[in-house]
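Asker: If you scroll down you'll find the structure; I have some questions about it.
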Amino acid sequence: MSQADKSTVDIDPEIASYLESHFPGEAARFYHPVKIGSTPEEANRGAQLVLSGVKTATSSASWHYPDGKLPFVGALSALIDGDGKPLAVLETKRIAATAFGDIDDAFAFDYGEGDRSLDWFRSHIGAWYREEAARYGAQFDHETDLICEWFELRCR
């Protein structure tokens, strides 16, 4: 993806202002906010896992990118809570497209949820993706590619 492609992601002006206050002049690196989960409660729990350093990775399916703009190494994203309030800035450190069935123990651990095991990830996150797929009119199985993203907490 070229630098021009990265900068064309539409970001809410309030979130862009938040990112700019922490990383002035870096607008070409600004990316969609990160909200962990589908509900405000899940987002608040997920944010706390990130802020505590337990959660250092996340995943998304293609239907979560209707604009076609995927995360990229070096992207700066606001971590938001269940109310959409920015809490911190994350920097994407690594991206990998991986079939759900090929997710490994290391990613499940970095994902930082549940007991951090691969079994938990496949059971609980798999069920979440099946529900999400139905909501989006998509299919989900062990061959479905996920965009796996590792990030670093840059500032609060």
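Letters A, B, ... go to the chains of the structure tokens in the order shown; residues in each chain start at 1; ligands are counted from 1 in the same order.
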What residues in chain A get the DSSP label alpha helix (DSSP H)? Please answer as a ChimeraX atom specification.
Answerer: /A:3-6,13-22,40-51,105-111,118-120,126-136
Asker: Restricting the output to C-alpha atoms, write the selected residues as a tab-separated table (two decimals), in the first residue's frame.
Answerer:
chain	number	residue	atom	x	y	z
A	3	GLN	CA	1.61	6.28	1.51
A	4	ALA	CA	-1.16	8.01	-0.47
A	5	ASP	CA	-3.44	5.01	0.02
A	6	LYS	CA	-2.81	5.03	3.77
A	13	PRO	CA	-12.39	14.74	13.13
A	14	GLU	CA	-12.44	14.36	16.93
A	15	ILE	CA	-10.33	11.18	16.74
A	16	ALA	CA	-7.99	12.80	14.19
A	17	SER	CA	-7.54	15.74	16.57
A	18	TYR	CA	-6.74	13.35	19.42
A	19	LEU	CA	-4.11	11.57	17.30
A	20	GLU	CA	-2.68	14.88	16.09
A	21	SER	CA	-2.30	16.08	19.68
A	22	HIS	CA	-0.05	13.09	20.40
A	40	PRO	CA	-19.73	-1.16	24.87
A	41	GLU	CA	-19.03	-3.61	27.69
A	42	GLU	CA	-16.72	-5.72	25.50
A	43	ALA	CA	-14.96	-2.55	24.29
A	44	ASN	CA	-14.35	-1.40	27.85
A	45	ARG	CA	-13.01	-4.83	28.90
A	46	GLY	CA	-10.84	-5.04	25.79
A	47	ALA	CA	-9.46	-1.55	26.33
A	48	GLN	CA	-8.47	-2.45	29.88
A	49	LEU	CA	-6.63	-5.55	28.59
A	50	VAL	CA	-4.72	-3.35	26.13
A	51	LEU	CA	-3.96	-0.64	28.70
A	105	ASP	CA	-0.55	-20.64	20.25
A	106	ALA	CA	1.63	-17.53	20.14
A	107	PHE	CA	-1.09	-15.41	18.52
A	108	ALA	CA	-3.75	-16.74	20.92
A	109	PHE	CA	-1.49	-15.74	23.82
A	110	ASP	CA	-0.84	-12.24	22.39
A	111	TYR	CA	-4.59	-11.89	21.77
A	118	LEU	CA	-5.42	-21.65	21.37
A	119	ASP	CA	-8.37	-23.81	22.46
A	120	TRP	CA	-10.06	-20.81	24.08
A	126	GLY	CA	-14.56	-18.67	16.55
A	127	ALA	CA	-18.11	-18.40	17.91
A	128	TRP	CA	-17.84	-14.60	17.84
A	129	TYR	CA	-16.70	-14.67	14.19
A	130	ARG	CA	-19.53	-17.05	13.23
A	131	GLU	CA	-22.04	-14.59	14.75
A	132	GLU	CA	-20.34	-11.64	13.05
A	133	ALA	CA	-20.30	-13.43	9.68
A	134	ALA	CA	-24.04	-14.09	9.92
A	135	ARG	CA	-24.62	-10.41	10.74
A	136	TYR	CA	-22.63	-9.36	7.66
Asker: Looking only at strand (DSSP E) from DSSP on the backbone, list the matching residues of segment 3-143 of chain A as a ChimeraX atom specification.
Answerer: /A:57-61,76-80,86-99
Asker: Please provide as a list of chain:residue names all residues within 7 Å of segment 59-75 of chain A, with the sequence filter that same-chain residues fewer than 4 positions apart are discarded (counting only C-alpha atoms).
Answerer: A:Val9, A:Arg29, A:Phe30, A:Tyr31, A:Glu91, A:Thr92, A:Lys93, A:Arg94, A:Ile95, A:Tyr136, A:Asp145, A:Leu146, A:Ile147, A:Cys148, A:Glu149
Asker: Any chance you can output those residues with N, CA and C atoms as a short mmCIF file (atom, residue, chain, number, x, y, z; two decimals), in the first residue's frame?
Answerer:
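Final output, part.cif:
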data_model
loop_
_atom_site.label_atom_id
_atom_site.label_comp_id
_atom_site.auth_asym_id
_atom_site.auth_seq_id
_atom_site.Cartn_x
_atom_site.Cartn_y
_atom_site.Cartn_z
N VAL A 9 -7.80 7.10 4.50
CA VAL A 9 -8.77 6.54 5.43
C VAL A 9 -9.51 7.70 6.10
N ARG A 29 -0.11 8.57 8.83
CA ARG A 29 -0.07 7.29 9.56
C ARG A 29 -1.35 7.03 10.34
N PHE A 30 -2.27 7.98 10.39
CA PHE A 30 -3.49 7.81 11.18
C PHE A 30 -4.39 6.78 10.52
N TYR A 31 -4.96 5.91 11.36
CA TYR A 31 -5.80 4.83 10.87
C TYR A 31 -7.07 4.76 11.71
N GLU A 91 0.26 1.73 18.01
CA GLU A 91 0.99 1.69 16.75
C GLU A 91 1.04 0.24 16.28
N THR A 92 0.62 0.00 15.05
CA THR A 92 0.66 -1.33 14.46
C THR A 92 2.11 -1.71 14.20
N LYS A 93 2.51 -2.87 14.72
CA LYS A 93 3.89 -3.34 14.58
C LYS A 93 4.02 -4.46 13.56
N ARG A 94 2.96 -5.22 13.37
CA ARG A 94 3.01 -6.37 12.44
C ARG A 94 1.61 -6.70 11.99
N ILE A 95 1.49 -7.16 10.75
CA ILE A 95 0.22 -7.59 10.15
C ILE A 95 0.46 -8.92 9.44
N TYR A 136 -23.11 -10.01 8.88
CA TYR A 136 -22.63 -9.36 7.66
C TYR A 136 -23.02 -10.12 6.39
N ASP A 145 -9.77 -16.15 6.08
CA ASP A 145 -8.60 -15.35 6.45
C ASP A 145 -8.98 -14.28 7.45
N LEU A 146 -8.14 -14.15 8.45
CA LEU A 146 -8.25 -13.06 9.41
C LEU A 146 -7.03 -12.16 9.22
N ILE A 147 -7.24 -10.89 9.40
CA ILE A 147 -6.12 -9.96 9.43
C ILE A 147 -5.67 -9.90 10.89
N CYS A 148 -4.53 -10.49 11.16
CA CYS A 148 -3.96 -10.51 12.51
C CYS A 148 -3.05 -9.30 12.64
N GLU A 149 -3.23 -8.57 13.72
CA GLU A 149 -2.50 -7.31 13.91
C GLU A 149 -1.90 -7.29 15.31
#
Asker: Choose the residue, out of A:Thr56, A:Phe140, A:Ser117, A:His32, that has the smallest atom-to-atom separation from Pro86 of chain A; count only C-alpha atoms.
Answerer: A:His32
Asker: Please report the interatomic distance between atom CA of Ala97 of chain A and atom CA of Lys85 of chain A in Å with one decimal.
Answerer: 28.7 Å
Asker: Atom CA of Pro33 of chain A and atom CA of Leu79 of chain A, how far apart in Å?
Answerer: 5.9 Å
Asker: What gap, in Å, lies between atom CA of Leu153 of chain A and atom CA of Gly53 of chain A?
Answerer: 7.9 Å
